[in-house]
file model_9.txt (compact mmCIF, C-alpha atoms)
# COMPACT_ATOMS: atom_id res chain seq x y z
CA MET A 3 70.56 22.09 40.57
CA ALA A 4 67.43 24.06 39.78
CA PRO A 5 66.07 23.66 36.25
CA PRO A 6 66.49 26.67 34.02
CA ASN A 7 63.56 29.02 33.66
CA LEU A 8 61.80 27.98 30.48
CA PRO A 9 59.55 30.41 28.62
CA ASP A 10 55.85 29.87 29.11
CA LYS A 11 54.55 28.38 25.84
CA SER A 12 51.11 29.82 26.51
CA THR A 13 52.55 33.33 26.38
CA THR A 14 55.02 32.83 23.54
CA ALA A 15 52.75 30.97 21.12
CA LYS A 16 51.88 33.17 18.20
CA PRO A 17 48.19 33.79 17.55
CA PRO A 18 46.88 32.22 14.34
CA LYS A 19 47.21 34.28 11.22
CA LEU A 20 44.17 36.15 9.99
CA LEU A 21 43.50 33.88 7.01
CA ASP A 22 43.82 30.82 9.26
CA GLN A 23 41.22 32.38 11.58
CA VAL A 24 38.90 32.97 8.63
CA ARG A 25 39.40 29.39 7.42
CA ALA A 26 38.67 27.98 10.88
CA LYS A 27 35.50 30.08 11.26
CA LEU A 28 34.22 29.03 7.84
CA ARG A 29 34.70 25.38 8.74
CA VAL A 30 32.99 25.76 12.10
CA LYS A 31 29.99 27.20 10.27
CA HIS A 32 30.09 24.35 7.69
CA TYR A 33 30.72 26.47 4.62
CA SER A 34 31.68 24.49 1.53
CA ILE A 35 35.32 24.26 0.51
CA ARG A 36 34.56 26.25 -2.65
CA THR A 37 33.08 29.09 -0.62
CA GLU A 38 36.08 28.88 1.68
CA GLN A 39 38.49 29.29 -1.23
CA THR A 40 36.45 32.11 -2.76
CA TYR A 41 36.16 34.08 0.49
CA LEU A 42 39.87 33.72 1.22
CA ASP A 43 40.73 34.97 -2.28
CA TRP A 44 38.56 38.06 -1.89
CA ILE A 45 39.99 38.85 1.54
CA LYS A 46 43.53 38.56 0.14
CA ARG A 47 42.63 40.92 -2.72
CA TYR A 48 41.15 43.39 -0.24
CA ILE A 49 44.29 43.36 1.93
CA PHE A 50 46.65 43.77 -1.05
CA PHE A 51 44.46 46.54 -2.48
CA TYR A 52 45.32 48.62 0.61
CA ASP A 53 49.04 47.73 0.63
CA LYS A 54 48.74 44.87 3.14
CA ARG A 55 47.09 46.90 5.88
CA HIS A 56 45.38 44.77 8.50
CA PRO A 57 41.58 44.78 8.09
CA LYS A 58 41.08 45.61 11.78
CA ASP A 59 42.76 48.96 11.05
CA MET A 60 40.27 49.64 8.28
CA GLY A 61 36.49 49.83 8.17
CA ALA A 62 33.42 50.72 6.17
CA ALA A 63 35.14 53.44 4.12
CA GLU A 64 37.80 51.03 2.88
CA VAL A 65 35.27 48.29 2.15
CA GLU A 66 33.16 50.75 0.18
CA GLY A 67 36.23 51.94 -1.71
CA PHE A 68 37.25 48.41 -2.63
CA LEU A 69 33.76 47.39 -3.78
CA THR A 70 33.37 50.61 -5.76
CA HIS A 71 36.73 49.97 -7.45
CA LEU A 72 35.52 46.52 -8.51
CA ALA A 73 32.45 48.03 -10.17
CA VAL A 74 34.05 51.11 -11.75
CA ALA A 75 37.58 50.03 -12.67
CA GLY A 76 37.14 46.27 -12.65
CA LYS A 77 33.75 46.39 -14.38
CA VAL A 78 32.76 43.19 -12.58
CA ALA A 79 29.27 41.72 -12.71
CA ALA A 80 26.84 42.46 -9.90
CA SER A 81 27.05 38.87 -8.69
CA THR A 82 30.85 39.13 -8.44
CA GLN A 83 30.65 42.35 -6.46
CA ASN A 84 28.08 40.80 -4.10
CA GLN A 85 30.38 37.80 -3.63
CA ALA A 86 33.24 40.09 -2.59
CA LYS A 87 30.90 41.99 -0.28
CA SER A 88 29.75 38.79 1.41
CA ALA A 89 33.36 37.71 1.97
CA LEU A 90 34.30 41.02 3.59
CA LEU A 91 31.19 41.15 5.75
CA PHE A 92 31.99 37.63 6.96
CA LEU A 93 35.53 38.74 7.80
CA TYR A 94 34.41 41.70 9.88
CA ARG A 95 31.33 40.23 11.56
CA GLU A 96 32.36 36.64 12.18
CA VAL A 97 36.15 36.82 12.55
CA LEU A 98 37.07 40.32 13.69
CA GLU A 99 33.69 40.76 15.44
CA ILE A 100 33.35 44.29 14.07
CA GLU A 101 29.89 45.35 12.95
CA LEU A 102 30.17 47.59 9.92
CA PRO A 103 27.58 50.32 9.41
CA TRP A 104 25.32 50.08 6.39
CA LEU A 105 27.42 50.42 3.25
CA ASP A 106 25.57 53.32 1.61
CA ASN A 107 28.31 54.74 -0.60
CA VAL A 108 29.14 51.69 -2.68
CA ILE A 109 28.66 52.18 -6.42
CA GLN A 110 26.69 49.08 -7.37
CA ALA A 111 27.65 47.03 -10.38
CA LYS A 112 24.88 46.96 -12.95
CA VAL A 113 22.60 43.94 -12.93
CA PRO A 114 21.94 42.95 -16.56
CA LYS A 115 18.37 42.02 -17.37
CA ARG A 116 19.11 38.97 -19.47
CA LEU A 117 16.78 36.15 -20.32
CA PRO A 118 18.12 32.64 -19.74
CA VAL A 119 19.37 30.60 -22.70
CA VAL A 120 16.84 27.87 -23.48
CA LEU A 121 17.10 25.02 -25.98
CA THR A 122 14.14 23.62 -27.85
CA VAL A 123 13.08 20.03 -27.12
CA SER A 124 14.71 18.83 -30.35
CA GLU A 125 17.92 20.70 -29.55
CA VAL A 126 18.06 19.14 -26.08
CA GLN A 127 17.56 15.68 -27.54
CA ALA A 128 20.30 16.32 -30.10
CA VAL A 129 22.75 17.42 -27.39
CA LEU A 130 21.92 14.43 -25.18
CA SER A 131 22.35 12.03 -28.11
CA ARG A 132 25.97 13.17 -28.44
CA LEU A 133 26.78 12.42 -24.80
CA SER A 134 27.47 8.97 -23.43
CA GLY A 135 28.42 7.23 -20.20
CA THR A 136 28.44 9.29 -17.02
CA HIS A 137 28.24 12.55 -18.96
CA GLY A 138 25.09 11.44 -20.77
CA LEU A 139 23.48 10.20 -17.55
CA VAL A 140 24.20 13.37 -15.57
CA ALA A 141 23.06 15.59 -18.45
CA SER A 142 19.82 13.60 -18.72
CA LEU A 143 19.24 14.13 -15.00
CA LEU A 144 19.82 17.87 -15.31
CA TYR A 145 17.19 18.14 -18.03
CA GLY A 146 14.85 15.54 -16.57
CA THR A 147 14.85 16.83 -12.98
CA GLY A 148 15.82 20.51 -13.13
CA MET A 149 18.73 19.98 -10.75
CA ARG A 150 21.68 22.33 -10.73
CA LEU A 151 24.97 20.87 -11.93
CA MET A 152 26.56 20.49 -8.49
CA GLU A 153 23.33 19.10 -7.03
CA ALA A 154 23.51 16.26 -9.54
CA ILE A 155 27.26 15.76 -9.17
CA ARG A 156 26.91 15.51 -5.36
CA LEU A 157 23.90 13.18 -5.45
CA ARG A 158 24.17 10.31 -2.93
CA VAL A 159 22.89 6.77 -3.46
CA LYS A 160 20.48 7.01 -0.50
CA ASP A 161 18.72 10.02 -2.03
CA VAL A 162 17.55 8.21 -5.16
CA GLU A 163 14.06 6.76 -4.51
CA PHE A 164 13.47 4.30 -7.35
CA SER A 165 10.19 2.94 -5.95
CA ARG A 166 8.70 6.41 -5.49
CA ARG A 167 10.25 7.84 -8.66
CA GLU A 168 11.79 10.68 -6.65
CA ILE A 169 15.15 12.30 -6.03
CA ILE A 170 15.81 14.13 -2.77
CA VAL A 171 18.07 17.10 -3.42
CA ARG A 172 20.09 17.72 -0.26
CA GLU A 173 21.57 21.07 0.71
CA GLY A 174 20.55 22.88 -2.45
CA LYS A 175 21.03 26.60 -2.86
CA GLY A 176 20.43 28.25 0.51
CA PHE A 177 21.04 24.92 2.32
CA LYS A 178 17.48 23.81 1.46
CA ASP A 179 16.34 20.26 0.74
CA ARG A 180 13.67 19.58 -1.85
CA VAL A 181 12.13 16.71 -3.82
CA THR A 182 12.05 16.41 -7.59
CA MET A 183 10.95 13.65 -9.94
CA LEU A 184 13.05 10.72 -11.13
CA PRO A 185 12.41 10.42 -14.89
CA GLU A 186 11.36 6.99 -16.11
CA ALA A 187 13.84 7.26 -18.97
CA VAL A 188 16.86 7.24 -16.65
CA ILE A 189 15.76 4.58 -14.17
CA GLU A 190 17.28 1.56 -15.89
CA PRO A 191 20.48 3.34 -17.03
CA LEU A 192 20.93 4.73 -13.50
CA LYS A 193 20.41 1.31 -11.91
CA ALA A 194 23.02 -0.20 -14.25
CA HIS A 195 25.40 2.66 -13.47
CA LEU A 196 24.97 2.23 -9.70
CA ALA A 197 25.64 -1.49 -9.99
CA LYS A 198 29.07 -0.64 -11.42
CA VAL A 199 29.64 1.97 -8.72
CA LYS A 200 28.80 -0.64 -6.06
CA ILE A 201 31.50 -2.95 -7.42
CA LEU A 202 33.99 -0.07 -7.31
CA HIS A 203 32.99 0.72 -3.73
CA ASP A 204 33.40 -2.91 -2.66
CA GLU A 205 36.89 -2.93 -4.19
CA ASP A 206 37.77 0.23 -2.27
CA LEU A 207 36.57 -1.35 0.98
CA ALA A 208 38.64 -4.45 0.33
CA GLN A 209 41.73 -2.26 -0.08
CA GLY A 210 41.09 -0.38 3.18
CA PHE A 211 39.45 2.67 1.65
CA GLY A 212 35.78 3.21 0.74
CA GLU A 213 35.14 6.19 2.99
CA VAL A 214 33.34 9.22 1.57
CA TYR A 215 33.10 12.80 2.82
CA LEU A 216 30.17 13.41 5.18
CA PRO A 217 28.73 16.90 5.72
CA PHE A 218 28.34 18.71 9.05
CA ALA A 219 30.79 16.49 10.98
CA LEU A 220 28.49 13.46 10.64
CA ASP A 221 31.62 11.32 10.49
CA LYS A 222 32.15 12.05 14.20
CA LYS A 223 28.56 11.30 15.14
CA TYR A 224 28.38 8.19 12.94
CA PRO A 225 31.99 6.95 12.56
CA ASN A 226 31.11 4.12 10.16
CA ALA A 227 28.57 5.96 8.00
CA GLY A 228 31.21 7.18 5.55
CA ARG A 229 31.83 3.61 4.39
CA GLU A 230 28.16 2.69 4.02
CA TRP A 231 26.82 2.21 0.50
CA GLY A 232 23.96 4.67 0.91
CA TRP A 233 26.28 7.61 1.56
CA GLN A 234 28.43 7.06 -1.53
CA TYR A 235 28.27 9.48 -4.44
CA CYS A 236 26.24 8.27 -7.40
CA PHE A 237 28.91 9.70 -9.68
CA PRO A 238 32.28 9.02 -8.04
CA SER A 239 35.65 10.02 -9.40
CA ARG A 240 37.74 7.42 -11.17
CA ASN A 241 40.64 8.05 -8.81
CA LEU A 242 41.13 8.25 -5.07
CA SER A 243 42.33 11.60 -3.75
CA VAL A 244 43.42 13.21 -0.50
CA ASP A 245 40.78 15.34 1.22
CA PRO A 246 42.37 18.82 1.65
CA ARG A 247 40.70 19.33 5.03
CA SER A 248 40.97 15.97 6.78
CA GLY A 249 43.98 14.57 4.93
CA LYS A 250 42.13 11.27 4.43
CA THR A 251 42.31 9.36 1.16
CA ARG A 252 38.80 9.17 -0.27
CA ARG A 253 36.89 8.80 -3.52
CA HIS A 254 35.30 12.16 -4.23
CA HIS A 255 32.60 12.90 -6.80
CA VAL A 256 33.46 13.47 -10.45
CA ASP A 257 34.79 16.83 -11.57
CA GLU A 258 32.02 18.93 -13.07
CA LYS A 259 34.42 20.43 -15.62
CA GLY A 260 34.31 17.20 -17.62
CA LEU A 261 30.58 17.55 -18.28
CA GLN A 262 30.94 21.25 -19.01
CA ARG A 263 33.52 20.49 -21.70
CA ALA A 264 31.47 17.61 -23.11
CA ILE A 265 28.33 19.76 -23.51
CA LYS A 266 30.33 22.60 -25.02
CA GLN A 267 31.77 20.19 -27.58
CA ALA A 268 28.36 18.69 -28.35
CA VAL A 269 26.88 22.15 -28.94
CA ARG A 270 29.81 23.03 -31.20
CA ASP A 271 29.50 19.80 -33.19
CA LEU A 272 25.78 20.38 -33.71
CA GLY A 273 26.42 23.88 -34.99
CA LEU A 274 24.15 25.48 -32.40
CA VAL A 275 24.76 29.20 -32.00
CA LYS A 276 23.26 29.36 -28.51
CA PRO A 277 25.86 29.53 -25.70
CA ALA A 278 24.50 26.43 -23.99
CA THR A 279 26.00 25.05 -20.76
CA PRO A 280 24.88 22.37 -18.28
CA HIS A 281 22.76 25.04 -16.56
CA THR A 282 20.93 25.58 -19.85
CA LEU A 283 19.38 22.14 -19.34
CA ARG A 284 17.83 23.36 -16.08
CA HIS A 285 16.47 26.45 -17.85
CA SER A 286 15.07 24.22 -20.59
CA PHE A 287 13.47 21.90 -18.00
CA ALA A 288 11.53 24.80 -16.46
CA THR A 289 10.51 26.36 -19.77
CA HIS A 290 9.33 23.08 -21.30
CA LEU A 291 7.24 22.26 -18.20
CA LEU A 292 5.51 25.63 -18.45
CA GLN A 293 4.99 25.06 -22.18
CA SER A 294 3.28 21.79 -21.29
CA GLY A 295 0.81 23.65 -19.08
CA TYR A 296 2.19 22.88 -15.61
CA ASP A 297 1.44 25.38 -12.85
CA ILE A 298 4.21 27.86 -12.17
CA ARG A 299 4.05 27.12 -8.43
CA THR A 300 4.79 23.48 -9.16
CA VAL A 301 7.76 24.44 -11.31
CA GLN A 302 8.94 26.81 -8.57
CA GLU A 303 8.91 23.98 -6.04
CA LEU A 304 10.76 21.60 -8.35
CA LEU A 305 13.45 24.20 -9.03
CA GLY A 306 13.80 25.13 -5.35
CA HIS A 307 13.16 28.85 -5.88
CA SER A 308 12.29 30.78 -2.71
CA ASP A 309 10.29 33.38 -4.62
CA VAL A 310 7.96 32.73 -7.53
CA SER A 311 9.23 35.93 -9.17
CA THR A 312 12.49 34.07 -9.88
CA THR A 313 10.54 31.36 -11.71
CA MET A 314 8.52 33.98 -13.61
CA ILE A 315 11.50 34.71 -15.86
CA TYR A 316 10.75 31.50 -17.76
CA ILE A 317 7.36 32.90 -18.74
CA HIS A 318 9.22 35.43 -20.87
CA VAL A 319 11.07 32.83 -22.92
CA LEU A 320 8.07 30.68 -23.84
CA ASN A 321 7.80 30.14 -27.57
CA LYS A 322 4.66 32.23 -28.08
CA GLY A 323 6.07 35.25 -29.85
CA GLY A 324 6.52 38.64 -28.25
CA LYS A 325 4.51 38.52 -24.99
CA GLY A 326 2.20 35.92 -26.52
CA VAL A 327 0.95 38.34 -29.19
CA VAL A 328 0.46 37.07 -32.75
CA SER A 329 2.15 39.31 -35.32
CA PRO A 330 -0.28 41.02 -37.73
CA LEU A 331 1.88 39.67 -40.56
CA ASP A 332 0.77 36.16 -39.59
CA ARG A 333 -2.97 36.90 -39.61
call {"tool": "encode", "arguments": {"input": "model_9.txt", "output": "structure tokens"}}
result
Amino acid sequence: MAPPNLPDKSTTAKPPKLLDQVRAKLRVKHYSIRTEQTYLDWIKRYIFFYDKRHPKDMGAAEVEGFLTHLAVAGKVAASTQNQAKSALLFLYREVLEIELPWLDNVIQAKVPKRLPVVLTVSEVQAVLSRLSGTHGLVASLLYGTGMRLMEAIRLRVKDVEFSRREIIVREGKGFKDRVTMLPEAVIEPLKAHLAKVKILHDEDLAQGFGEVYLPFALDKKYPNAGREWGWQYCFPSRNLSVDPRSGKTRRHHVDEKGLQRAIKQAVRDLGLVKPATPHTLRHSFATHLLQSGYDIRTVQELLGHSDVSTTMIYIHVLNKGGKGVVSPLDR
């Protein structure tokens, strides 16, 4: 008896959903999981804004309308509008392979010309004195090195050069590596901290875990590297967790929200009226170096700025009065 005619699976399989295609493309291009989540959220908002129409049936006019709505009705910041724009351009160019014409008719959100919040040296010391443990160590690194919060949180053991007094910042903003100093004041506390982390890592290995996330599919090229001590995070989480992409149980880095809350509380306890955050320590790092007479190009390199004009903003917050001019009242 002849077997029944079965449907060809290759012809009946449904194509992946749009958001699954976007997710797959983002992962192929090694975008971070945070960018992945943000882009997917903006694409969902775009689709729902036009009553669930498929993006391939829309184009530049709809993208311009959505971005204009964000600026006019949503009153979003310029950075938020640019984030949404980047997500939609990625959708059309990389996933749908549709090249949109130049978006000329978008009403741009206003870019506020604000100076960064900067603490004085004594204020920084007061804030740091109220932090302890991992929070105190990370905060000291932010002020002592000029690193961004996530750069410090994601720091790996292998990138701390104790002998050379250097820290290698990997995959900073714009996927750029750079070198910054390792402050003398944190060397011994950091060594003591890493000794405890090493014990924790050894315990994880003994229990069959101990693997850490590796960027750019390095876990396939070097299968055992994820368990090596050098690749571990300097500031690991207290608990193991399941990686949302691979499904593996790993020890990720600490959650940055803990430090954000700790600094907010310290600022409140001190009675400071400045809206200081962890990023304020980076601003203070740059400003205090310039106050000490360091060359702006050196500060630019330490901060990882592509353009010196970005670093120039700290010139405007130096404690020298309005544009360095002495008031006639003080003569």
call {"tool": "atom_distance", "arguments": {"input": "model_9.txt", "atom1": "CA of Asp106 (chain A)", "atom2": "CA of Leu69 (chain A)"}}
result
11.5 Å
call {"tool": "closest_residue", "arguments": {"input": "model_9.txt", "among": "A:Val171, A:Val123, A:Val181, A:Ala197", "to": "Gln293 (chain A)", "atoms": "all atoms listed in the file"}}
result
A:Val123
call {"tool": "residues_around", "arguments": {"input": "model_9.txt", "residues": "Ile49 (chain A)", "least_positions_apart": "5", "cutoff": "12 Å", "atoms": "all atoms listed in the file", "output": "list in words"}}
result
Leu20, Leu21, Leu42, Asp43, Trp44, Lys54, Arg55, His56, Pro57, Lys58, Asp59, Met60, Gly61, Glu64, Val65, Phe68, Leu90 and Leu93 of chain A
call {"tool": "atom_distance", "arguments": {"input": "model_9.txt", "atom1": "CA of Leu283 (chain A)", "atom2": "CA of Ser131 (chain A)"}}
result
13.7 Å
call {"tool": "residues_around", "arguments": {"input": "model_9.txt", "residues": "region 70-73 of chain A", "least_positions_apart": "6", "cutoff": "9 Å", "atoms": "all atoms listed in the file", "output": "PyMOL selection string"}}
result
chain A and resi 79-80+82-83+107-112
call {"tool": "atom_distance", "arguments": {"input": "model_9.txt", "atom1": "CA of Glu186 (chain A)", "atom2": "CA of Glu163 (chain A)"}}
result
11.9 Å
call {"tool": "closest_residue", "arguments": {"input": "model_9.txt", "among": "A:His285, A:Arg29, A:Arg158, A:His254", "to": "Thr312 (chain A)", "atoms": "all atoms listed in the file"}}
result
A:His285
call {"tool": "closest_residue", "arguments": {"input": "model_9.txt", "among": "A:Ala86, A:Val162, A:Leu261, A:Ala208", "to": "Gly232 (chain A)", "atoms": "all atoms listed in the file"}}
result
A:Val162
call {"tool": "closest_residue", "arguments": {"input": "model_9.txt", "among": "A:Tyr48, A:Asp53, A:Val129, A:Arg240", "to": "Leu91 (chain A)", "atoms": "all atoms listed in the file"}}
result
A:Tyr48
call {"tool": "residues_near_point", "arguments": {"input": "model_9.txt", "point": "(21.5, 25.3, -9.6)", "cutoff": "9 Å", "atoms": "all atoms listed in the file", "output": "PyMOL selection string"}}
result
chain A and resi 148-153+174-175+281+284+305-306
call {"tool": "closest_residue", "arguments": {"input": "model_9.txt", "among": "A:Arg180, A:Val188, A:Tyr235, A:Asp257", "to": "His307 (chain A)", "atoms": "all atoms listed in the file"}}
result
A:Arg180
call {"tool": "closest_residue", "arguments": {"input": "model_9.txt", "among": "A:Ser34, A:Thr136, A:Ser311, A:Ser243", "to": "Arg299 (chain A)", "atoms": "all atoms listed in the file"}}
result
A:Ser311
call {"tool": "residues_around", "arguments": {"input": "model_9.txt", "residues": "His195 (chain A)", "least_positions_apart": "6", "cutoff": "9 Å", "atoms": "all atoms listed in the file", "output": "CSV table (one decimal) with C-alpha atoms, in the coordinates of the input"}}
result
chain,number,residue,atom,x,y,z
A,135,GLY,CA,28.4,7.2,-20.2
A,136,THR,CA,28.4,9.3,-17.0
A,139,LEU,CA,23.5,10.2,-17.6
A,236,CYS,CA,26.2,8.3,-7.4
A,237,PHE,CA,28.9,9.7,-9.7
call {"tool": "build_atoms", "arguments": {"input": "model_9.txt", "residues": "region 104-122 of chain A", "atoms": "N, CA and C atoms", "output": "PDB file, keeping the file's coordinate frame"}}
result
ATOM      1  N   TRP A 104      25.876  50.369   7.712  1.00  0.00           N
ATOM      2  CA  TRP A 104      25.320  50.080   6.390  1.00  0.00           C
ATOM      3  C   TRP A 104      26.188  50.723   5.315  1.00  0.00           C
ATOM      4  N   LEU A 105      26.532  49.943   4.306  1.00  0.00           N
ATOM      5  CA  LEU A 105      27.420  50.420   3.250  1.00  0.00           C
ATOM      6  C   LEU A 105      26.611  51.195   2.207  1.00  0.00           C
ATOM      7  N   ASP A 106      26.433  52.492   2.451  1.00  0.00           N
ATOM      8  CA  ASP A 106      25.570  53.320   1.610  1.00  0.00           C
ATOM      9  C   ASP A 106      26.275  53.860   0.372  1.00  0.00           C
ATOM     10  N   ASN A 107      27.598  53.993   0.443  1.00  0.00           N
ATOM     11  CA  ASN A 107      28.310  54.740  -0.600  1.00  0.00           C
ATOM     12  C   ASN A 107      28.950  53.853  -1.662  1.00  0.00           C
ATOM     13  N   VAL A 108      28.585  52.581  -1.678  1.00  0.00           N
ATOM     14  CA  VAL A 108      29.140  51.690  -2.680  1.00  0.00           C
ATOM     15  C   VAL A 108      28.442  51.916  -4.023  1.00  0.00           C
ATOM     16  N   ILE A 109      29.236  52.107  -5.080  1.00  0.00           N
ATOM     17  CA  ILE A 109      28.660  52.180  -6.420  1.00  0.00           C
ATOM     18  C   ILE A 109      28.366  50.752  -6.855  1.00  0.00           C
ATOM     19  N   GLN A 110      27.098  50.448  -7.068  1.00  0.00           N
ATOM     20  CA  GLN A 110      26.690  49.080  -7.370  1.00  0.00           C
ATOM     21  C   GLN A 110      26.971  48.723  -8.822  1.00  0.00           C
ATOM     22  N   ALA A 111      27.483  47.527  -9.011  1.00  0.00           N
ATOM     23  CA  ALA A 111      27.650  47.030 -10.380  1.00  0.00           C
ATOM     24  C   ALA A 111      26.269  46.829 -10.992  1.00  0.00           C
ATOM     25  N   LYS A 112      26.170  47.057 -12.282  1.00  0.00           N
ATOM     26  CA  LYS A 112      24.880  46.960 -12.950  1.00  0.00           C
ATOM     27  C   LYS A 112      24.441  45.502 -13.072  1.00  0.00           C
ATOM     28  N   VAL A 113      23.170  45.279 -12.787  1.00  0.00           N
ATOM     29  CA  VAL A 113      22.600  43.940 -12.930  1.00  0.00           C
ATOM     30  C   VAL A 113      21.954  43.841 -14.306  1.00  0.00           C
ATOM     31  N   PRO A 114      22.528  43.052 -15.208  1.00  0.00           N
ATOM     32  CA  PRO A 114      21.940  42.950 -16.560  1.00  0.00           C
ATOM     33  C   PRO A 114      20.623  42.192 -16.528  1.00  0.00           C
ATOM     34  N   LYS A 115      19.668  42.695 -17.288  1.00  0.00           N
ATOM     35  CA  LYS A 115      18.370  42.020 -17.370  1.00  0.00           C
ATOM     36  C   LYS A 115      18.388  41.087 -18.583  1.00  0.00           C
ATOM     37  N   ARG A 116      18.979  39.924 -18.372  1.00  0.00           N
ATOM     38  CA  ARG A 116      19.110  38.970 -19.470  1.00  0.00           C
ATOM     39  C   ARG A 116      18.147  37.806 -19.269  1.00  0.00           C
ATOM     40  N   LEU A 117      17.609  37.341 -20.375  1.00  0.00           N
ATOM     41  CA  LEU A 117      16.780  36.150 -20.320  1.00  0.00           C
ATOM     42  C   LEU A 117      17.678  34.917 -20.373  1.00  0.00           C
ATOM     43  N   PRO A 118      17.287  33.846 -19.715  1.00  0.00           N
ATOM     44  CA  PRO A 118      18.120  32.640 -19.740  1.00  0.00           C
ATOM     45  C   PRO A 118      18.153  31.999 -21.125  1.00  0.00           C
ATOM     46  N   VAL A 119      19.247  31.346 -21.441  1.00  0.00           N
ATOM     47  CA  VAL A 119      19.370  30.600 -22.700  1.00  0.00           C
ATOM     48  C   VAL A 119      18.568  29.309 -22.553  1.00  0.00           C
ATOM     49  N   VAL A 120      17.693  29.052 -23.511  1.00  0.00           N
ATOM     50  CA  VAL A 120      16.840  27.870 -23.480  1.00  0.00           C
ATOM     51  C   VAL A 120      16.935  27.147 -24.820  1.00  0.00           C
ATOM     52  N   LEU A 121      17.096  25.839 -24.774  1.00  0.00           N
ATOM     53  CA  LEU A 121      17.100  25.020 -25.980  1.00  0.00           C
ATOM     54  C   LEU A 121      15.697  24.505 -26.266  1.00  0.00           C
ATOM     55  N   THR A 122      15.405  24.261 -27.506  1.00  0.00           N
ATOM     56  CA  THR A 122      14.140  23.620 -27.850  1.00  0.00           C
ATOM     57  C   THR A 122      14.239  22.133 -27.463  1.00  0.00           C
TER      58      THR A 122
END
